[in-house]
Every structure is written in structure tokens, then in C-alpha cells.
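Input: a single structure, listed below in C-alpha cells.
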Amino acid sequence: MPKINPQIMNKYWLTVTACALAITANAQQQALTAEDYKRAESFMGYNTSKYIDNPGVSPTWLPGDKFWYINKNEAGTQTYLVDPATKTKTPTTEYKSVSPPPRRARNNEELSPDGKKSILIKDYNLYVKDIATGKLTQLTTDGIKDYGYATDNAGWKHSDAPILRWSPDSKKITTFQQDQRNSKDMYLVSTNVGAPKLSAWKYPLPGDKEIATIRRVIIDVENPKIISLSIPPDQHRGTLSDDISSSGTFDDIDWKADGSEVAFVSTSRDHKNEKFHIANAETGAVREVFEEIVKTQFESGQGAINWRYLAASKEIIWYSERDNWGHLYLYDATTGKVKNQITKGDWVVTRMVKVDEKTRTIYFMANGREKENPYFGHFYKIGFDGKNLTLLTPEVGNHAVTISPTGKYFIDSYSQPNVPQVAVLRSLDGKLITTLEKTDVSRLAATGWKAPTPVSVKAHDGKTDIYGLIFTPTKMDAGKKYPVIDYIYPGPQGGSVGSWSFSASRGDHQALAELGFIVVVIEGTSNPNRSKSFHDMTYGNMAENTLPDQITAIKQLSGKYPIDTTKVGIWGHSGGGFATATAMFRYPDFFKVGISESGNHENRNYEDDWGERYNGLVENADYEAQANQNYAKNLKGKLMLVHGMMDDNVPPYNTLLVVEALEKANKSFDLVIFPNSAHGYGPYSPYMMRRRWDYFVQNLLGAQIPHDYQMTGTVIK
């Protein structure tokens, strides 16, 4: 055995000791404490809101277009009375905070316009209630289980509330008898002591031969009588989204003022065919006025249905993306022919706000016309003939408007993601009457808060501009690179950013940044509020999930921000959960840590309409190639799967399919389940947020975490 020089041995041990001390010191530096978490939590909305002064105007309207609102700031609360006619804003103590009356009465009843009657469902049939006396009169008698009247069930959405539309004169309703007798059931099972409770309801899936249909009827409420419309049953579809009551009432219905006619639109199962009908409310006779056929999927607007039946002039205002942008068209209701295109240009009408038939003027919201961020909405007016287009909200930003009861004035609230809100009062021609409030965040900024930074980069095609927000730590070390967390919601019916208006806190994005990350939120391609071709870029392949855009965006941003592209995390909920798992399985060398919450990983296991709308019918699209469980074997990084076991939106079997595939592939992963939670986690949401922080801190930052840090509101009873 060779001899060892003592001097060399001493140097060796000194070196080892120094290295060990350095490693220990580094580990200590990489340990986050409860105080670090508490500081991060201070950036959550429930902590930042108290530092915001003059947060906005919520008007309560009075006769004569007067209104009052309550303003809050550091000094307390103050109520103001505003009179547009005299251009005055006066402090007052006369009014107190009130909640607006609900559209529905108690017990899921649908109130009539005159407030004297309501409709309710009892044993699958409809009854009218006299509000004054409480007397019930039965309107239908042949409703049975799974073939009831006005029943609410879109698979992912179901309640005991009736889905119907009252005529303006409160004498009739239009509704349907929903046939679900041959639709498949979905099952969920509660977790409790003793026998579990089975929850079962109708939940058709893509590719099912039989899905829910609706037999349209009109019911005379005053002299109970059912008038069946002379049209075959329609698919359970709407022009706005995947439910016939997305707007909160029976969608795609427009009554003539005297209740003698009702216009409606029938949507095909794949959303490619729209037929406009007018029905005689006395006889049930139906006339098809025109149809529109599209190659991918039709939608009637963004957040609102943008068609109107103008019975007095026998015209129809119709929304279409036929020229690649969402615009309004004027139709002849007698001939079904287009009279003229009303709006045009490389911008999109999002919401028709008001139609003045007397002056033949349309007031509407639109995106992309002004040379700003294309997601900023502005308010405009235009004539039925397409002339005299006028911008009514000239300031840069995202605008939201509230029109007064008489239609003479509107409140305009505008802001940007990094610029607080200003609320002003204008006359309907856009003239400024007075500034109501300017949101002040100076007290919030004094705490160390800062707004996110809007960013613009190129999409994966290298040509298309895409937009987003970036959240960086308020205290950054020079020369240091930070792991990046990509929050994703790929749509295609919405996007990651959500509202482009100002918000002091957007979920936990800034809170995560405070723990030592850079957080990015990128609005990828194939989402709404842009052109039709932009929205359709991945039609038929939802599994792309905007991920090529996310990757190229992060790489571009790393040239300007200190982002470590070797440490990329990703997380999202619902569609974002689907996208997160896809990212971890299909781009395992780029995304290292992922948290997939309540994902629809297999769209043949998610409700029929959503997939069939954006992906196409099963026979026309490769659903198998898009299913996440088929790629689970590619996992390299750290993945946490999360689901509520009573999720009646995205059933938990979506995640369990991925769990099974990972186990078959001998892959390690983490699983969090909420035994009695639905699609959202309710009181367990703070717990989930803490687990999310822990997972990224441990696996992406490589730091120690405080043991079981308790978020605000985590005491679950």
C-alpha cells in the first residue's frame, strides 16, 4: 500500500472541508422561509386591494339618467350623485349600497319582463306562478325524465333553472323540450364516511351517435297552450359557445315587440352551418330566411351574440367572419339577401351594445382598429349603411362602457395592464362631460408593488405578432438569471391573459415572481379577438395548445430579460392543465417542471360540443393523436397532476387516464386530488396555491421550502 504525504493529506481535507462549507452555505442561501412566502403572499389581490384608491365606478341609475356610486380611498367611503344634464358630481349621504335585483326570482324561477309572473320547472314540466298570490298554473303535462321542458344541461353545466325567453309583452315564452333519452351518462362518486353518493347526469361525448336535441316550442302563458314549431329538433348548440344558454338565458332568440314572431338561429352539431329562422308565434309556422356555411366553426361574437331581428323594418343585423374579420352585415328579412356590409376593415367587432332603429345607428365594441395593442377594445358608432363610423372612446387603453337607461349617456372606464383605470362620463356622441374617478395606486406602489410589463414578440411562424405580460421580481440581482414559469391557458375560446384592463393582482403571478422566478403569460395564436385565420391556425389539432408560440416567446424574451431557458416551468388549469401535460410530454427537453390542474387530457372524455366545435367531428379529426396519455412515456421532468374528484365540468377520468399511462411507463410523478371538489377547488384553492409554490421552488428553483406554510384562508371547515 503506497504511503500518503501528510501535507498532501492536509490540503485534501482542507479542500473537502471548504467545499462542504461552500455547499452548505449555498444550500442555506437557497432556503426560502415562511417570511419569504408571507412577503410573496402580500402581492395577492386580497392583500393589495386595500391600498388602491378610487378603484372604479359602479353606477346605480335613477330616473332622468342620474346615478349614484360609492367611491373608496384612504380617507374612507364617499357616495356621489351625478347628474349628466347639469354636468355635476355632488357628495351625498342619501343613498346606501344596494345589490341589483336578480334576473331570476328565488328557487330558480324565470321572471317575466313586467315582474308579475315567473316560470319554474316541476317534475320536468313548466308552471307559471302569479307573483302576487303565489298561485301555480301548469303549462305542460308531457314532460318526463330526460325529456323535460326548459331543462338546463350542457353536460358541463346543469341546474334546475328553466332555460327560456319571455316575449316583451310578458304573454308568451319560447323554450324547448330537451331530449336526452339516448344520451350517455356521466358518473361521479362522493368521498365520505359510509356509502358514497352516486352523482349521475347526461353528458354526451364527441363521437357519440346520440346527443341532446331540443324540440322548440312557444307557450301561451295567459291562456295555456303549447305551439310546436314546424321544424325538426335542433342540436343542443348555440352560436356563441357550447351551450344554448351561455349568455344566462335562452340564446339565439329575438322576439318581435308585440310577441307575434320570434327569430332564432339553428346551429349544426359541428358549428359549420347556421340557419336563420322566423317563426309565427300563433301557428308555429317557421320560415328559413338564410343560412351561412363555414369551413371551420362559426361564432356570433366575443362574449355577446351579435345578431338582431329588426321586425319593424324587416331587416336583420348579422355577424360574420366571411372576409376574415368579425363584422356586421345588414340583411333583408324578406328575401334573405345581404343589403350591405356595415363594418369592414382589418379589425373585429366584438360586441354590439345598442341598436337605435329610429336613427339607424349601431353602437358597438371593437378590437384592433386603433394602432395599439389589438386586444384593446374601443367603443364606436356607425350607420346601418356602413357610413359615419365614429370612435367614441379616443384614449389609449382597453375600454368598458355602461350606457344610461335612456341611452343618452355612457360611463367609459379605460385602462391598460400597467396603467390604472380612469372612469369618465360621456354623452352618446362621445363628448366628455366629466371625469368621475382616477384610480390611484401610489399607496400600493409604496409597499414595493409594481405592475407587469406588456410585451410583444413573434409567434412560432416568425411573422405574426403575439402579446403577453411578464412579471419580474421587485428586487432583482444584477447578473443573475432567473428560472421562468409559463402560465398557460391555450383557449381556443379564450386566452392566458384574460382581461387586458388594469388589475393590481392577476392570480399569483407576481407572488410567484417574488419567490425568485420570472413569470410570463403569453396570448398565443389560435385564440379569438383577432382575425378568423388567426383563430383557426390550429383548428383540428387542439393539442398544439399554443406551445410552439410559448417556446419561441420565452426564447425571444430571454434576449431582453434575465431568463434561464434551461429552467422552464409551466402550469395551467383546465385547458391549461391539458396544455401543461402536453408540454411536458411533447417538449420534455424544454419544459422541466409542470403542474397540470384539472386538464381535459383526452377530449373524447370531455363534453361533446367543445371538442366538436374546435376540433371537428371525431370522424373528421384525429382525436387519438391529441390525447395526452399516448405521450406520457416521454416524460423527463417533474410533473404534478391535480384534479377534483367531483369535477362535473372536466371529469377526473381525464387525469386518471394520464396517471395510468405514466404508471404503465414506469414514470415518477406527483398527484394531488381533492376528493369532493368540482372543477375549481373552492376552499382548498389556497392549499393548491401553496403546493404550487412549493413544487416550483423545490424543483425549478432548487431551494428548500418552509414546512406547510399556511396561506390566508386555508382553514378548511
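Identifiers for the C-alpha cells are assigned positionally: chains receive A, B, ... in sequence, residues are indexed from 1 per chain, and ligands are indexed from 1 in the order shown.
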
List every residue of region 387-478 of chain A that has an atom at most 7 Å from any atom of region 497-511 of chain A, giving for each one its closest atom pair and the distance in Å to one decimal, counting only C-alpha atoms, sorted by chain and then by ascending residue number, as a tab-separated table.
residue	atom	partner	partner_atom	distance
A:Asn398	CA	A:Ser501	CA	5.6
A:Ser415	CA	A:Ser501	CA	5.3
A:Gln416	CA	A:Ser501	CA	4.9
A:Pro417	CA	A:Phe502	CA	4.2
A:Asn418	CA	A:Phe502	CA	6.1
A:Val419	CA	A:Phe502	CA	6.2
A:Pro420	CA	A:Phe502	CA	5.5
A:Gln421	CA	A:Phe502	CA	6.4
A:Ala451	CA	A:Ala504	CA	6.9
A:Gly468	CA	A:Val497	CA	6.8
A:Phe471	CA	A:Gln510	CA	5.8

Expected file: the selected residues, C-alpha atoms, as a PDB file, in the first residue's frame:
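After the write, selection_0.pdb holds the following:
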ATOM      1  CA  ASN A 398     -58.985  48.829 -23.037  1.00  0.00           C
ATOM      2  CA  SER A 415     -57.035  51.304 -18.528  1.00  0.00           C
ATOM      3  CA  GLN A 416     -54.055  49.175 -19.570  1.00  0.00           C
ATOM      4  CA  PRO A 417     -52.458  46.216 -17.781  1.00  0.00           C
ATOM      5  CA  ASN A 418     -49.844  48.597 -16.362  1.00  0.00           C
ATOM      6  CA  VAL A 419     -51.890  51.838 -16.331  1.00  0.00           C
ATOM      7  CA  PRO A 420     -54.674  52.235 -13.726  1.00  0.00           C
ATOM      8  CA  GLN A 421     -58.271  52.930 -14.631  1.00  0.00           C
ATOM      9  CA  ALA A 451     -47.290  46.354 -12.447  1.00  0.00           C
ATOM     10  CA  GLY A 468     -48.418  38.982 -23.303  1.00  0.00           C
ATOM     11  CA  PHE A 471     -43.800  39.568 -14.171  1.00  0.00           C
TER      12      PHE A 471
END

Leu126 (chain A) environment, 7 Å, only C-alpha atoms, sequence neighbours closer than 3 positions dropped, as a PDB file with all heavy atoms, in the first residue's frame:
ATOM      1  N   ILE A 119     -91.692  31.608 -14.277  1.00  0.00           N
ATOM      2  CA  ILE A 119     -91.790  30.235 -14.767  1.00  0.00           C
ATOM      3  C   ILE A 119     -90.838  29.366 -13.965  1.00  0.00           C
ATOM      4  O   ILE A 119     -89.698  29.754 -13.680  1.00  0.00           O
ATOM      5  CB  ILE A 119     -91.424  30.147 -16.269  1.00  0.00           C
ATOM      6  CG1 ILE A 119     -92.306  31.072 -17.095  1.00  0.00           C
ATOM      7  CG2 ILE A 119     -91.512  28.707 -16.756  1.00  0.00           C
ATOM      8  CD1 ILE A 119     -93.752  30.659 -17.183  1.00  0.00           C
ATOM      9  N   LEU A 120     -91.283  28.184 -13.607  1.00  0.00           N
ATOM     10  CA  LEU A 120     -90.431  27.243 -12.891  1.00  0.00           C
ATOM     11  C   LEU A 120     -90.660  25.831 -13.412  1.00  0.00           C
ATOM     12  O   LEU A 120     -91.677  25.548 -14.061  1.00  0.00           O
ATOM     13  CB  LEU A 120     -90.689  27.320 -11.386  1.00  0.00           C
ATOM     14  CG  LEU A 120     -92.117  27.069 -10.905  1.00  0.00           C
ATOM     15  CD1 LEU A 120     -92.300  25.609 -10.509  1.00  0.00           C
ATOM     16  CD2 LEU A 120     -92.442  27.978  -9.722  1.00  0.00           C
ATOM     17  N   ILE A 121     -89.681  24.972 -13.136  1.00  0.00           N
ATOM     18  CA  ILE A 121     -89.771  23.560 -13.534  1.00  0.00           C
ATOM     19  C   ILE A 121     -90.178  22.727 -12.328  1.00  0.00           C
ATOM     20  O   ILE A 121     -89.630  22.886 -11.235  1.00  0.00           O
ATOM     21  CB  ILE A 121     -88.422  23.042 -14.075  1.00  0.00           C
ATOM     22  CG1 ILE A 121     -87.981  23.843 -15.303  1.00  0.00           C
ATOM     23  CG2 ILE A 121     -88.518  21.559 -14.430  1.00  0.00           C
ATOM     24  CD1 ILE A 121     -86.588  23.468 -15.789  1.00  0.00           C
ATOM     25  N   LYS A 122     -91.129  21.826 -12.545  1.00  0.00           N
ATOM     26  CA  LYS A 122     -91.546  20.893 -11.507  1.00  0.00           C
ATOM     27  C   LYS A 122     -91.858  19.561 -12.182  1.00  0.00           C
ATOM     28  O   LYS A 122     -92.727  19.492 -13.052  1.00  0.00           O
ATOM     29  CB  LYS A 122     -92.782  21.432 -10.777  1.00  0.00           C
ATOM     30  CG  LYS A 122     -93.240  20.601  -9.595  1.00  0.00           C
ATOM     31  CD  LYS A 122     -94.442  21.261  -8.921  1.00  0.00           C
ATOM     32  CE  LYS A 122     -94.926  20.435  -7.734  1.00  0.00           C
ATOM     33  NZ  LYS A 122     -96.125  21.048  -7.095  1.00  0.00           N
ATOM     34  N   GLN A 138    -100.210  24.939 -14.219  1.00  0.00           N
ATOM     35  CA  GLN A 138     -99.380  24.046 -15.021  1.00  0.00           C
ATOM     36  C   GLN A 138     -99.522  24.397 -16.501  1.00  0.00           C
ATOM     37  O   GLN A 138    -100.618  24.579 -17.024  1.00  0.00           O
ATOM     38  CB  GLN A 138     -99.781  22.584 -14.786  1.00  0.00           C
ATOM     39  CG  GLN A 138     -98.815  21.594 -15.406  1.00  0.00           C
ATOM     40  CD  GLN A 138     -99.008  20.182 -14.882  1.00  0.00           C
ATOM     41  OE1 GLN A 138     -99.850  19.947 -14.025  1.00  0.00           O
ATOM     42  NE2 GLN A 138     -98.209  19.241 -15.379  1.00  0.00           N
ATOM     43  N   LEU A 139     -98.359  24.468 -17.187  1.00  0.00           N
ATOM     44  CA  LEU A 139     -98.342  24.839 -18.600  1.00  0.00           C
ATOM     45  C   LEU A 139     -98.120  23.646 -19.514  1.00  0.00           C
ATOM     46  O   LEU A 139     -98.613  23.613 -20.637  1.00  0.00           O
ATOM     47  CB  LEU A 139     -97.243  25.883 -18.857  1.00  0.00           C
ATOM     48  CG  LEU A 139     -97.388  27.222 -18.136  1.00  0.00           C
ATOM     49  CD1 LEU A 139     -96.163  28.085 -18.383  1.00  0.00           C
ATOM     50  CD2 LEU A 139     -98.645  27.949 -18.593  1.00  0.00           C
ATOM     51  N   THR A 140     -97.329  22.663 -19.066  1.00  0.00           N
ATOM     52  CA  THR A 140     -97.066  21.465 -19.871  1.00  0.00           C
ATOM     53  C   THR A 140     -97.358  20.231 -19.032  1.00  0.00           C
ATOM     54  O   THR A 140     -97.275  20.271 -17.800  1.00  0.00           O
ATOM     55  CB  THR A 140     -95.608  21.418 -20.365  1.00  0.00           C
ATOM     56  OG1 THR A 140     -94.734  21.180 -19.244  1.00  0.00           O
ATOM     57  CG2 THR A 140     -95.213  22.729 -21.042  1.00  0.00           C
ATOM     58  N   TYR A 149     -89.108  19.903 -20.127  1.00  0.00           N
ATOM     59  CA  TYR A 149     -89.210  21.231 -20.720  1.00  0.00           C
ATOM     60  C   TYR A 149     -88.232  22.205 -20.055  1.00  0.00           C
ATOM     61  O   TYR A 149     -88.122  22.251 -18.820  1.00  0.00           O
ATOM     62  CB  TYR A 149     -90.631  21.770 -20.574  1.00  0.00           C
ATOM     63  CG  TYR A 149     -91.604  21.178 -21.564  1.00  0.00           C
ATOM     64  CD1 TYR A 149     -92.345  20.040 -21.242  1.00  0.00           C
ATOM     65  CD2 TYR A 149     -91.773  21.741 -22.833  1.00  0.00           C
ATOM     66  CE1 TYR A 149     -93.244  19.484 -22.150  1.00  0.00           C
ATOM     67  CE2 TYR A 149     -92.667  21.193 -23.750  1.00  0.00           C
ATOM     68  CZ  TYR A 149     -93.398  20.071 -23.406  1.00  0.00           C
ATOM     69  OH  TYR A 149     -94.274  19.522 -24.312  1.00  0.00           O
TER      70      TYR A 149
END

Using only C-alpha atoms, tabulate the residues of region 197-314 of chain A lying at most 8 Å from any atom of region 173-190 of chain A, each with its closest atom pair and that distance in Å to one decimal, by chain and increasing residue number, as a Markdown table.
| residue | atom | partner | partner_atom | distance |
| --- | --- | --- | --- | --- |
| A:Lys197 | CA | A:Ser190 | CA | 5.3 |
| A:Leu198 | CA | A:Val189 | CA | 4.8 |
| A:Ser199 | CA | A:Leu188 | CA | 5.1 |
| A:Ala200 | CA | A:Tyr187 | CA | 4.6 |
| A:Trp201 | CA | A:Asp185 | CA | 5.4 |
| A:Lys202 | CA | A:Asp185 | CA | 4.5 |
| A:Tyr203 | CA | A:Asp185 | CA | 5.4 |
| A:Pro204 | CA | A:Lys184 | CA | 5.4 |
| A:Leu205 | CA | A:Lys184 | CA | 7.8 |
| A:Glu210 | CA | A:Ser183 | CA | 5.6 |
| A:Ile211 | CA | A:Ser183 | CA | 5.2 |
| A:Ala212 | CA | A:Gln180 | CA | 4.8 |
| A:Thr213 | CA | A:Asp179 | CA | 5.3 |
| A:Ile214 | CA | A:Gln178 | CA | 4.5 |
| A:Arg215 | CA | A:Gln177 | CA | 5.1 |
| A:Arg216 | CA | A:Phe176 | CA | 4.3 |
| A:Val217 | CA | A:Phe176 | CA | 5.3 |
| A:Ile218 | CA | A:Thr174 | CA | 4.3 |
| A:Ile219 | CA | A:Ile173 | CA | 5.4 |
| A:Asp220 | CA | A:Ile173 | CA | 6.8 |
| A:Val221 | CA | A:Ile173 | CA | 7.1 |
| A:Phe250 | CA | A:Thr175 | CA | 7.4 |

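Using only C-alpha atoms, the shortest contact distance between Thr191 (chain A) and any of A:Ile705, A:Met352, A:Met645, A:Val672 is found at A:Met645.
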
**Q.** Pairwise distance for CA of Ala40 (chain A) and CA of Ala478 (chain A), rounded to one decimal in Å
**A.** 20.4 Å

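The environment of region 676-682 of chain A within 10 Å, counting only C-alpha atoms and disregarding residues fewer than 3 places along the same chain, consists of Trp156, Leu188, Val189, Ser190, Thr191, Asn192, His573, Ser574, Glu597, Ser598, Gly599, His643, Gly644, Met645, Met646, Asp647, Asp648, Asn649, Val650, Pro651, Pro652, Ile673, Ser685, Pro686, Tyr687, Met688 and Ile716 of chain A.
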
Q: Select from region 570-613 of chain A everything DSSP, run on the backbone, classes as strand (DSSP E), then give the selection as a PyMOL selection string.
A: chain A and resi 570-573+591-597

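By only C-alpha atoms, and with residues fewer than 2 positions from Gly448 (chain A) along its chain excluded, the set lying at most 10 Å from it is Ser42, Phe43, Arg443, Leu444, Ala445, Ala446, Lys450, Thr474 and Lys475 of chain A.
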
Q | All residues 9 Å or closer to Gly368 (chain A), only C-alpha atoms, same chain fewer than 6 positions away omitted, as a list in words | A | Asp346, Trp347, Val348, Pro374, Tyr375, Phe376, Gly377, His378, Asn529 and Arg530 of chain A

Restricted to N, CA and C atoms, what would the selected residues look like written as a CSV table (one decimal), in the first residue's frame?
chain,number,residue,atom,x,y,z
A,346,ASP,N,-59.5,45.6,-41.3
A,346,ASP,CA,-58.7,44.6,-40.6
A,346,ASP,C,-58.8,44.8,-39.1
A,347,TRP,N,-60.0,44.6,-38.6
A,347,TRP,CA,-60.3,44.7,-37.2
A,347,TRP,C,-61.6,43.9,-36.9
A,348,VAL,N,-61.9,43.7,-35.6
A,348,VAL,CA,-63.0,42.8,-35.3
A,348,VAL,C,-64.0,43.5,-34.4
A,374,PRO,N,-53.8,45.0,-30.1
A,374,PRO,CA,-55.0,44.6,-30.8
A,374,PRO,C,-56.1,44.0,-29.9
A,375,TYR,N,-55.7,43.8,-28.6
A,375,TYR,CA,-56.7,43.3,-27.6
A,375,TYR,C,-57.4,44.4,-26.9
A,376,PHE,N,-57.0,45.7,-27.1
A,376,PHE,CA,-57.7,46.8,-26.5
A,376,PHE,C,-59.0,47.0,-27.2
A,377,GLY,N,-60.1,47.1,-26.5
A,377,GLY,CA,-61.4,47.4,-27.1
A,377,GLY,C,-61.8,48.8,-27.0
A,378,HIS,N,-62.4,49.3,-28.1
A,378,HIS,CA,-62.9,50.7,-28.1
A,378,HIS,C,-64.4,50.7,-28.5
A,529,ASN,N,-60.6,37.3,-30.8
A,529,ASN,CA,-60.4,38.7,-30.8
A,529,ASN,C,-59.4,39.2,-31.8
A,530,ARG,N,-59.0,38.3,-32.7
A,530,ARG,CA,-58.1,38.7,-33.8
A,530,ARG,C,-58.9,38.3,-35.1
